[in-house]
Amino acid sequence: MPEYLSVSTLTKYLKMKFERDPYLERVYLTGQVSNFRRRPNHQYFSLKDEKAVIQVTIWSGVYQKLGFELEEGMKINVIGRVKLYEPSGSYSIIIEKAEPDGIGALAIQFEQLKKKLGEEGLFQEKFKQALPQFPKKIGVVTSPSGAVIRDIITTVSRRFPGVEIVLYPTKVQGDGAAAQIADHIRLANERSDLDVLIIGRGGGSIEDLWAFNEEKTVRAIFESRIPVISSVGHETDTTLADFVADRRAATPTAAAELATPVIKLDLLGHLQQQENRMSRAISNRLSYYRERLNKLTQSVIFRQPERLYDGHLQKLDQLNLRLKQKIREYYSEEQQRVKILQHRLEALNPLSRVQSLQEQTAQLERLLRSNMAVIYDNKVAQVRRLSEALLMLDTSRIVARGYAIVQKNQKVVESSAGIEEKDELTLLMRDGQLEVEVKHVQRKEI
């Protein structure tokens, strides 16, 4: 009679065979990533080909050392060990190492980081800084023993003598190179006298140039206040530092040429350009003022300036006539009263009384004349003050002193109480008017 095994017994036997089989102790597989979803720690997904699928596990520490991000559909080569999970009876491969199939991990990492930083906008043209035309000091971040610094010194001395070169001796390859490059870029930015910064090294493999592809280097270049020229590798080599730098040079010599002008040709060209710009600016300014003068001479106010005061002068004459008429009427009434009093006194007939009254009457007449003169002078002075006040209210004089008149619906606005947001206002100024829209109203408490 056959012996029946339990499921757990069979599973343990199979697990033992998996673990003891030398062929399964280290497995080399190639396949396509499937069902991948980035998890915070360990990664679980599938590896498949046209006919089969196997489950994959990558522990967190191993995944962080891969150097590239897994993506759905990516074909990879892996090294791992097969493991059977007893509770479910399923098996999977525990990956110890992985790399993209057909292309290096560094190339994948390069493209992924380039895409990430490009989406953040670090490579956009609007962030590029202009290089100074006549630098006084140039900073160089490179190895102190390489050909890069020698080529830069030779080229700068030949093209633009007198420029000071400040070297930041830097490790440009291997572990810690990227951190040192980034630190020296930030150190250079602490100075206020550097006009341009050159970073670079000679050619090499992608591994040799990798320090200029690391994110810390790229971000340090992007954050640099000083314009940066990248000169990494040869003309065919391209790094992320080239994309983010303000200018890219194929060689150290080309970088030095970008940073400095040819002292004779460039300086003469610059002076000629400045002369042309100054000439155009003066010509434009003269044309502008000539046009304004023509407009002003054609204005009625300048051809007949007396028209500004016609209305005020006419009103002043009318007030003056009215004042004189009132004074004459008042003087006549007072004379009439004096005569009436005089007749009454004469009717009493005592001579002494009459003489006394005559003297009083004469005094009254003198007093009246004196008062009339004072009243007349006061009235004339009042008319003059009113005339000056009217002239002060002349809006053209107010505007001519640099003020503006605010109108809403062709009516003068005296307070912010009648103004609301989005109201359309007209500002009358000395040389024209502006149409504006109110964005915000702030009223003072009175």
# chains A, B, ... in the order shown; residues from 1 in each chain; ligands from 1
$ residues_around --residues "Val436 (chain A)" --least-positions-apart "3" --cutoff "8 Å" --atoms "only C-alpha atoms" --output "ChimeraX atom specification"
/A:424-427
$ write_last_selection --atoms "N, CA and C atoms" --output "mmCIF file, in the first residue's frame"
data_model
loop_
_atom_site.group_PDB
_atom_site.id
_atom_site.type_symbol
_atom_site.label_atom_id
_atom_site.label_comp_id
_atom_site.auth_asym_id
_atom_site.auth_seq_id
_atom_site.Cartn_x
_atom_site.Cartn_y
_atom_site.Cartn_z
ATOM 1 N N GLU A 424 -13.150 101.807 -12.917
ATOM 2 C CA GLU A 424 -12.279 102.393 -13.937
ATOM 3 C C GLU A 424 -12.174 103.897 -13.698
ATOM 4 N N LEU A 425 -10.975 104.400 -13.535
ATOM 5 C CA LEU A 425 -10.715 105.800 -13.218
ATOM 6 C C LEU A 425 -9.893 106.441 -14.312
ATOM 7 N N THR A 426 -9.990 107.770 -14.384
ATOM 8 C CA THR A 426 -9.182 108.554 -15.330
ATOM 9 C C THR A 426 -8.269 109.478 -14.528
ATOM 10 N N LEU A 427 -6.960 109.444 -14.808
ATOM 11 C CA LEU A 427 -5.987 110.316 -14.148
ATOM 12 C C LEU A 427 -5.564 111.399 -15.136
#
$ select_by_dssp --residues "region 58-159 of chain A" --states "helix (DSSP H, G or I)" --output "number ranges by chain"
A: 60-64, 105-120, 125-127, 147-159
$ atom_distance --atom1 "CA of Leu113 (chain A)" --atom2 "CA of Ala249 (chain A)"
21.8 Å
$ closest_residue --among "A:Gln43, A:Thr170, A:Gln133, A:Ser370" --to "Asp183 (chain A)" --atoms "only C-alpha atoms"
A:Thr170
$ closest_atom_pairs --of "region 51-157 of chain A" --to "region 193-200 of chain A" --cutoff "8 Å" --atoms "only C-alpha atoms" --output "JSON lines"
{"residue": "A:Leu131", "atom": "CA", "partner": "A:Val196", "partner_atom": "CA", "distance": 7.0}
{"residue": "A:Pro132", "atom": "CA", "partner": "A:Asp195", "partner_atom": "CA", "distance": 6.7}
{"residue": "A:Pro135", "atom": "CA", "partner": "A:Asp195", "partner_atom": "CA", "distance": 5.6}
{"residue": "A:Lys136", "atom": "CA", "partner": "A:Asp195", "partner_atom": "CA", "distance": 6.7}
{"residue": "A:Lys137", "atom": "CA", "partner": "A:Leu194", "partner_atom": "CA", "distance": 5.1}
{"residue": "A:Ile138", "atom": "CA", "partner": "A:Val196", "partner_atom": "CA", "distance": 5.2}
{"residue": "A:Gly139", "atom": "CA", "partner": "A:Leu197", "partner_atom": "CA", "distance": 4.6}
{"residue": "A:Val140", "atom": "CA", "partner": "A:Ile198", "partner_atom": "CA", "distance": 4.7}
{"residue": "A:Val141", "atom": "CA", "partner": "A:Ile199", "partner_atom": "CA", "distance": 4.7}
{"residue": "A:Thr142", "atom": "CA", "partner": "A:Gly200", "partner_atom": "CA", "distance": 5.6}
{"residue": "A:Val148", "atom": "CA", "partner": "A:Gly200", "partner_atom": "CA", "distance": 7.4}
$ write_last_selection --atoms "N, CA, C and O atoms" --output "PDB file, in the first residue's frame"
ATOM      1  N   LEU A 131      27.603  85.705 -19.566  1.00  0.00           N
ATOM      2  CA  LEU A 131      28.998  85.786 -19.143  1.00  0.00           C
ATOM      3  C   LEU A 131      29.472  87.236 -19.168  1.00  0.00           C
ATOM      4  O   LEU A 131      29.084  87.996 -20.061  1.00  0.00           O
ATOM      5  N   PRO A 132      30.302  87.654 -18.215  1.00  0.00           N
ATOM      6  CA  PRO A 132      30.815  89.036 -18.224  1.00  0.00           C
ATOM      7  C   PRO A 132      31.732  89.253 -19.418  1.00  0.00           C
ATOM      8  O   PRO A 132      32.465  88.341 -19.827  1.00  0.00           O
ATOM      9  N   PRO A 135      36.080  90.213 -17.662  1.00  0.00           N
ATOM     10  CA  PRO A 135      36.261  89.720 -16.290  1.00  0.00           C
ATOM     11  C   PRO A 135      37.582  90.181 -15.692  1.00  0.00           C
ATOM     12  O   PRO A 135      38.554  90.428 -16.410  1.00  0.00           O
ATOM     13  N   LYS A 136      37.587  90.302 -14.368  1.00  0.00           N
ATOM     14  CA  LYS A 136      38.809  90.643 -13.647  1.00  0.00           C
ATOM     15  C   LYS A 136      39.393  89.434 -12.922  1.00  0.00           C
ATOM     16  O   LYS A 136      40.602  89.307 -12.799  1.00  0.00           O
ATOM     17  N   LYS A 137      38.494  88.547 -12.434  1.00  0.00           N
ATOM     18  CA  LYS A 137      38.947  87.341 -11.750  1.00  0.00           C
ATOM     19  C   LYS A 137      38.132  86.146 -12.241  1.00  0.00           C
ATOM     20  O   LYS A 137      36.916  86.226 -12.364  1.00  0.00           O
ATOM     21  N   ILE A 138      38.826  85.039 -12.504  1.00  0.00           N
ATOM     22  CA  ILE A 138      38.184  83.811 -12.984  1.00  0.00           C
ATOM     23  C   ILE A 138      38.507  82.698 -12.002  1.00  0.00           C
ATOM     24  O   ILE A 138      39.675  82.450 -11.687  1.00  0.00           O
ATOM     25  N   GLY A 139      37.476  82.018 -11.498  1.00  0.00           N
ATOM     26  CA  GLY A 139      37.677  80.864 -10.633  1.00  0.00           C
ATOM     27  C   GLY A 139      37.703  79.588 -11.458  1.00  0.00           C
ATOM     28  O   GLY A 139      36.967  79.453 -12.430  1.00  0.00           O
ATOM     29  N   VAL A 140      38.553  78.629 -11.073  1.00  0.00           N
ATOM     30  CA  VAL A 140      38.671  77.356 -11.789  1.00  0.00           C
ATOM     31  C   VAL A 140      38.589  76.223 -10.769  1.00  0.00           C
ATOM     32  O   VAL A 140      39.386  76.170  -9.823  1.00  0.00           O
ATOM     33  N   VAL A 141      37.602  75.324 -10.962  1.00  0.00           N
ATOM     34  CA  VAL A 141      37.439  74.150 -10.109  1.00  0.00           C
ATOM     35  C   VAL A 141      37.893  72.937 -10.915  1.00  0.00           C
ATOM     36  O   VAL A 141      37.185  72.454 -11.794  1.00  0.00           O
ATOM     37  N   THR A 142      39.084  72.452 -10.633  1.00  0.00           N
ATOM     38  CA  THR A 142      39.641  71.317 -11.363  1.00  0.00           C
ATOM     39  C   THR A 142      40.834  70.762 -10.593  1.00  0.00           C
ATOM     40  O   THR A 142      41.220  71.283  -9.536  1.00  0.00           O
ATOM     41  N   VAL A 148      44.251  70.662 -17.666  1.00  0.00           N
ATOM     42  CA  VAL A 148      43.158  71.629 -17.763  1.00  0.00           C
ATOM     43  C   VAL A 148      43.610  73.002 -17.268  1.00  0.00           C
ATOM     44  O   VAL A 148      43.455  74.016 -17.956  1.00  0.00           O
TER      45      VAL A 148
END
$ closest_residue --among "A:Asp208, A:Glu125, A:Glu359, A:Asp317" --to "Val232 (chain A)" --atoms "only C-alpha atoms"
A:Asp208
$ closest_residue --among "A:Gln129, A:Gln109, A:Thr57, A:Gln173" --to "Glu96 (chain A)" --atoms "only C-alpha atoms"
A:Thr57
$ residues_around --residues "Pro261 (chain A)" --least-positions-apart "4" --cutoff "7 Å" --atoms "only C-alpha atoms" --output "list in words"
Gln133, Phe134, Arg159, Phe160, Glu257 and Asp266 of chain A
$ residues_around --residues "Tyr28 (chain A)" --least-positions-apart "2" --cutoff "10 Å" --atoms "only C-alpha atoms" --output "PyMOL selection string"
chain A and resi 24+26+30+77-81+95+97-98
$ closest_residue --among "A:Ser60, A:Asn320, A:Ser143, A:Gln272" --to "Pro40 (chain A)" --atoms "only C-alpha atoms"
A:Ser60
$ residues_around --residues "Thr253 (chain A)" --least-positions-apart "2" --cutoff "6 Å" --atoms "only C-alpha atoms" --output "PyMOL selection string"
chain A and resi 151-152+251+255-256
$ residues_around --residues "Ala178 (chain A)" --least-positions-apart "5" --cutoff "9 Å" --atoms "only C-alpha atoms" --output "count of residues only"
12
$ atom_distance --atom1 "CA of Ile419 (chain A)" --atom2 "CA of Lys444 (chain A)"
13.2 Å
$ select_by_dssp --residues "region 148-228 of chain A" --states "strand (DSSP E or B)" --output "VMD selection string"
chain A and resid 164 to 169 196 to 201 228
$ write_last_selection --atoms "N, CA, C and O atoms" --output "PDB file, in the first residue's frame"
ATOM      1  N   GLU A 164      43.179  87.747 -13.143  1.00  0.00           N
ATOM      2  CA  GLU A 164      43.640  86.875 -12.063  1.00  0.00           C
ATOM      3  C   GLU A 164      42.853  85.571 -12.089  1.00  0.00           C
ATOM      4  O   GLU A 164      41.625  85.571 -12.232  1.00  0.00           O
ATOM      5  N   ILE A 165      43.565  84.439 -11.944  1.00  0.00           N
ATOM      6  CA  ILE A 165      42.935  83.122 -11.932  1.00  0.00           C
ATOM      7  C   ILE A 165      43.035  82.552 -10.519  1.00  0.00           C
ATOM      8  O   ILE A 165      44.128  82.475  -9.944  1.00  0.00           O
ATOM      9  N   VAL A 166      41.887  82.168  -9.952  1.00  0.00           N
ATOM     10  CA  VAL A 166      41.822  81.595  -8.608  1.00  0.00           C
ATOM     11  C   VAL A 166      41.514  80.106  -8.752  1.00  0.00           C
ATOM     12  O   VAL A 166      40.436  79.739  -9.223  1.00  0.00           O
ATOM     13  N   LEU A 167      42.465  79.247  -8.369  1.00  0.00           N
ATOM     14  CA  LEU A 167      42.300  77.797  -8.515  1.00  0.00           C
ATOM     15  C   LEU A 167      41.742  77.200  -7.229  1.00  0.00           C
ATOM     16  O   LEU A 167      42.215  77.498  -6.130  1.00  0.00           O
ATOM     17  N   TYR A 168      40.726  76.327  -7.391  1.00  0.00           N
ATOM     18  CA  TYR A 168      40.191  75.528  -6.288  1.00  0.00           C
ATOM     19  C   TYR A 168      40.598  74.079  -6.553  1.00  0.00           C
ATOM     20  O   TYR A 168      39.929  73.374  -7.322  1.00  0.00           O
ATOM     21  N   PRO A 169      41.718  73.620  -5.961  1.00  0.00           N
ATOM     22  CA  PRO A 169      42.203  72.257  -6.223  1.00  0.00           C
ATOM     23  C   PRO A 169      41.145  71.227  -5.824  1.00  0.00           C
ATOM     24  O   PRO A 169      40.725  71.176  -4.655  1.00  0.00           O
ATOM     25  N   VAL A 196      33.495  84.880 -13.153  1.00  0.00           N
ATOM     26  CA  VAL A 196      33.067  83.682 -13.874  1.00  0.00           C
ATOM     27  C   VAL A 196      33.784  82.485 -13.267  1.00  0.00           C
ATOM     28  O   VAL A 196      34.862  82.610 -12.680  1.00  0.00           O
ATOM     29  N   LEU A 197      33.158  81.299 -13.397  1.00  0.00           N
ATOM     30  CA  LEU A 197      33.696  80.078 -12.794  1.00  0.00           C
ATOM     31  C   LEU A 197      33.778  78.996 -13.862  1.00  0.00           C
ATOM     32  O   LEU A 197      32.787  78.738 -14.565  1.00  0.00           O
ATOM     33  N   ILE A 198      34.953  78.376 -14.009  1.00  0.00           N
ATOM     34  CA  ILE A 198      35.151  77.272 -14.954  1.00  0.00           C
ATOM     35  C   ILE A 198      35.319  75.991 -14.152  1.00  0.00           C
ATOM     36  O   ILE A 198      36.128  75.933 -13.226  1.00  0.00           O
ATOM     37  N   ILE A 199      34.521  74.957 -14.490  1.00  0.00           N
ATOM     38  CA  ILE A 199      34.688  73.648 -13.863  1.00  0.00           C
ATOM     39  C   ILE A 199      34.996  72.648 -14.964  1.00  0.00           C
ATOM     40  O   ILE A 199      34.478  72.759 -16.080  1.00  0.00           O
ATOM     41  N   GLY A 200      35.846  71.669 -14.680  1.00  0.00           N
ATOM     42  CA  GLY A 200      36.112  70.700 -15.731  1.00  0.00           C
ATOM     43  C   GLY A 200      37.243  69.757 -15.410  1.00  0.00           C
ATOM     44  O   GLY A 200      37.887  69.820 -14.363  1.00  0.00           O
ATOM     45  N   ARG A 201      37.474  68.858 -16.379  1.00  0.00           N
ATOM     46  CA  ARG A 201      38.554  67.887 -16.326  1.00  0.00           C
ATOM     47  C   ARG A 201      38.760  67.365 -17.744  1.00  0.00           C
ATOM     48  O   ARG A 201      37.999  67.699 -18.665  1.00  0.00           O
ATOM     49  N   VAL A 228      28.693  79.958 -14.743  1.00  0.00           N
ATOM     50  CA  VAL A 228      29.531  78.761 -14.777  1.00  0.00           C
ATOM     51  C   VAL A 228      29.734  78.303 -16.221  1.00  0.00           C
ATOM     52  O   VAL A 228      28.770  78.209 -16.995  1.00  0.00           O
TER      53      VAL A 228
END
$ residues_around --residues "Arg20 (chain A)" --least-positions-apart "5" --cutoff "12 Å" --atoms "only C-alpha atoms" --output "list in words"
Tyr13, Leu14, Lys15, Glu25, Arg26, Arg81, Val82 and Lys83 of chain A
$ closest_residue --among "A:Arg328, A:Ile94, A:Leu187, A:Tyr4" --to "Val27 (chain A)" --atoms "only C-alpha atoms"
A:Ile94
$ decode --residues "region 26-37 of chain A" --atoms "all heavy atoms" --output "JSON list (two decimals), in the first residue's frame"
[["chain", "number", "residue", "atom", "x", "y", "z"],
["A", 26, "ARG", "N", 23.18, 29.74, -6.83],
["A", 26, "ARG", "CA", 23.34, 31.04, -7.48],
["A", 26, "ARG", "C", 22.83, 30.91, -8.90],
["A", 26, "ARG", "O", 23.39, 30.18, -9.71],
["A", 26, "ARG", "CB", 24.79, 31.50, -7.44],
["A", 26, "ARG", "CG", 25.03, 32.78, -8.22],
["A", 26, "ARG", "CD", 26.27, 33.50, -7.75],
["A", 26, "ARG", "NE", 26.09, 34.07, -6.42],
["A", 26, "ARG", "CZ", 26.99, 34.85, -5.83],
["A", 26, "ARG", "NH1", 28.12, 35.13, -6.43],
["A", 26, "ARG", "NH2", 26.76, 35.34, -4.61],
["A", 27, "VAL", "N", 21.77, 31.68, -9.18],
["A", 27, "VAL", "CA", 21.10, 31.59, -10.48],
["A", 27, "VAL", "C", 21.33, 32.88, -11.25],
["A", 27, "VAL", "O", 21.23, 33.98, -10.70],
["A", 27, "VAL", "CB", 19.59, 31.34, -10.29],
["A", 27, "VAL", "CG1", 18.89, 31.28, -11.64],
["A", 27, "VAL", "CG2", 19.37, 30.06, -9.52],
["A", 28, "TYR", "N", 21.62, 32.76, -12.53],
["A", 28, "TYR", "CA", 21.78, 33.90, -13.43],
["A", 28, "TYR", "C", 20.58, 33.93, -14.37],
["A", 28, "TYR", "O", 20.38, 32.99, -15.15],
["A", 28, "TYR", "CB", 23.08, 33.79, -14.23],
["A", 28, "TYR", "CG", 24.33, 33.84, -13.38],
["A", 28, "TYR", "CD1", 24.75, 32.72, -12.66],
["A", 28, "TYR", "CD2", 25.07, 35.00, -13.30],
["A", 28, "TYR", "CE1", 25.90, 32.77, -11.87],
["A", 28, "TYR", "CE2", 26.22, 35.07, -12.52],
["A", 28, "TYR", "CZ", 26.62, 33.95, -11.80],
["A", 28, "TYR", "OH", 27.74, 34.01, -11.04],
["A", 29, "LEU", "N", 19.77, 34.94, -14.27],
["A", 29, "LEU", "CA", 18.54, 35.01, -15.07],
["A", 29, "LEU", "C", 18.51, 36.30, -15.87],
["A", 29, "LEU", "O", 19.08, 37.32, -15.46],
["A", 29, "LEU", "CB", 17.30, 34.97, -14.17],
["A", 29, "LEU", "CG", 16.94, 33.65, -13.50],
["A", 29, "LEU", "CD1", 15.65, 33.83, -12.69],
["A", 29, "LEU", "CD2", 16.75, 32.54, -14.52],
["A", 30, "THR", "N", 17.80, 36.25, -16.98],
["A", 30, "THR", "CA", 17.49, 37.46, -17.73],
["A", 30, "THR", "C", 15.99, 37.45, -18.00],
["A", 30, "THR", "O", 15.40, 36.39, -18.30],
["A", 30, "THR", "CB", 18.29, 37.53, -19.05],
["A", 30, "THR", "OG1", 17.98, 38.76, -19.71],
["A", 30, "THR", "CG2", 17.96, 36.38, -19.98],
["A", 31, "GLY", "N", 15.36, 38.61, -17.89],
["A", 31, "GLY", "CA", 13.92, 38.68, -18.10],
["A", 31, "GLY", "C", 13.44, 40.12, -18.10],
["A", 31, "GLY", "O", 14.22, 41.07, -17.93],
["A", 32, "GLN", "N", 12.13, 40.24, -18.26],
["A", 32, "GLN", "CA", 11.50, 41.56, -18.35],
["A", 32, "GLN", "C", 10.75, 41.87, -17.06],
["A", 32, "GLN", "O", 10.02, 41.01, -16.54],
["A", 32, "GLN", "CB", 10.54, 41.59, -19.54],
["A", 32, "GLN", "CG", 9.99, 42.96, -19.88],
["A", 32, "GLN", "CD", 9.14, 42.93, -21.12],
["A", 32, "GLN", "OE1", 8.74, 41.87, -21.60],
["A", 32, "GLN", "NE2", 8.85, 44.10, -21.64],
["A", 33, "VAL", "N", 10.93, 43.09, -16.53],
["A", 33, "VAL", "CA", 10.27, 43.50, -15.29],
["A", 33, "VAL", "C", 8.78, 43.62, -15.51],
["A", 33, "VAL", "O", 8.32, 44.24, -16.49],
["A", 33, "VAL", "CB", 10.83, 44.84, -14.79],
["A", 33, "VAL", "CG1", 10.09, 45.32, -13.55],
["A", 33, "VAL", "CG2", 12.32, 44.71, -14.48],
["A", 34, "SER", "N", 7.99, 43.01, -14.61],
["A", 34, "SER", "CA", 6.53, 43.04, -14.75],
["A", 34, "SER", "C", 5.91, 43.28, -13.38],
["A", 34, "SER", "O", 6.46, 42.88, -12.34],
["A", 34, "SER", "CB", 6.05, 41.71, -15.33],
["A", 34, "SER", "OG", 4.63, 41.69, -15.41],
["A", 35, "ASN", "N", 4.75, 43.95, -13.38],
["A", 35, "ASN", "CA", 4.00, 44.23, -12.14],
["A", 35, "ASN", "C", 4.86, 44.99, -11.12],
["A", 35, "ASN", "O", 4.78, 44.75, -9.91],
["A", 35, "ASN", "CB", 3.47, 42.94, -11.50],
["A", 35, "ASN", "CG", 2.50, 42.21, -12.38],
["A", 35, "ASN", "OD1", 1.68, 42.84, -13.08],
["A", 35, "ASN", "ND2", 2.57, 40.88, -12.40],
["A", 36, "PHE", "N", 5.67, 45.93, -11.62],
["A", 36, "PHE", "CA", 6.53, 46.69, -10.71],
["A", 36, "PHE", "C", 5.83, 47.94, -10.22],
["A", 36, "PHE", "O", 5.26, 48.69, -11.00],
["A", 36, "PHE", "CB", 7.84, 47.08, -11.41],
["A", 36, "PHE", "CG", 8.76, 47.89, -10.54],
["A", 36, "PHE", "CD1", 9.51, 47.29, -9.55],
["A", 36, "PHE", "CD2", 8.83, 49.28, -10.69],
["A", 36, "PHE", "CE1", 10.35, 48.03, -8.74],
["A", 36, "PHE", "CE2", 9.66, 50.03, -9.87],
["A", 36, "PHE", "CZ", 10.42, 49.39, -8.89],
["A", 37, "ARG", "N", 5.88, 48.14, -8.93],
["A", 37, "ARG", "CA", 5.35, 49.35, -8.30],
["A", 37, "ARG", "C", 6.32, 49.71, -7.18],
["A", 37, "ARG", "O", 6.56, 48.92, -6.28],
["A", 37, "ARG", "CB", 3.95, 49.12, -7.75],
["A", 37, "ARG", "CG", 3.35, 50.34, -7.05],
["A", 37, "ARG", "CD", 1.90, 50.10, -6.68],
["A", 37, "ARG", "NE", 1.73, 48.95, -5.82],
["A", 37, "ARG", "CZ", 1.87, 48.97, -4.50],
["A", 37, "ARG", "NH1", 2.22, 50.10, -3.88],
["A", 37, "ARG", "NH2", 1.70, 47.87, -3.77]]
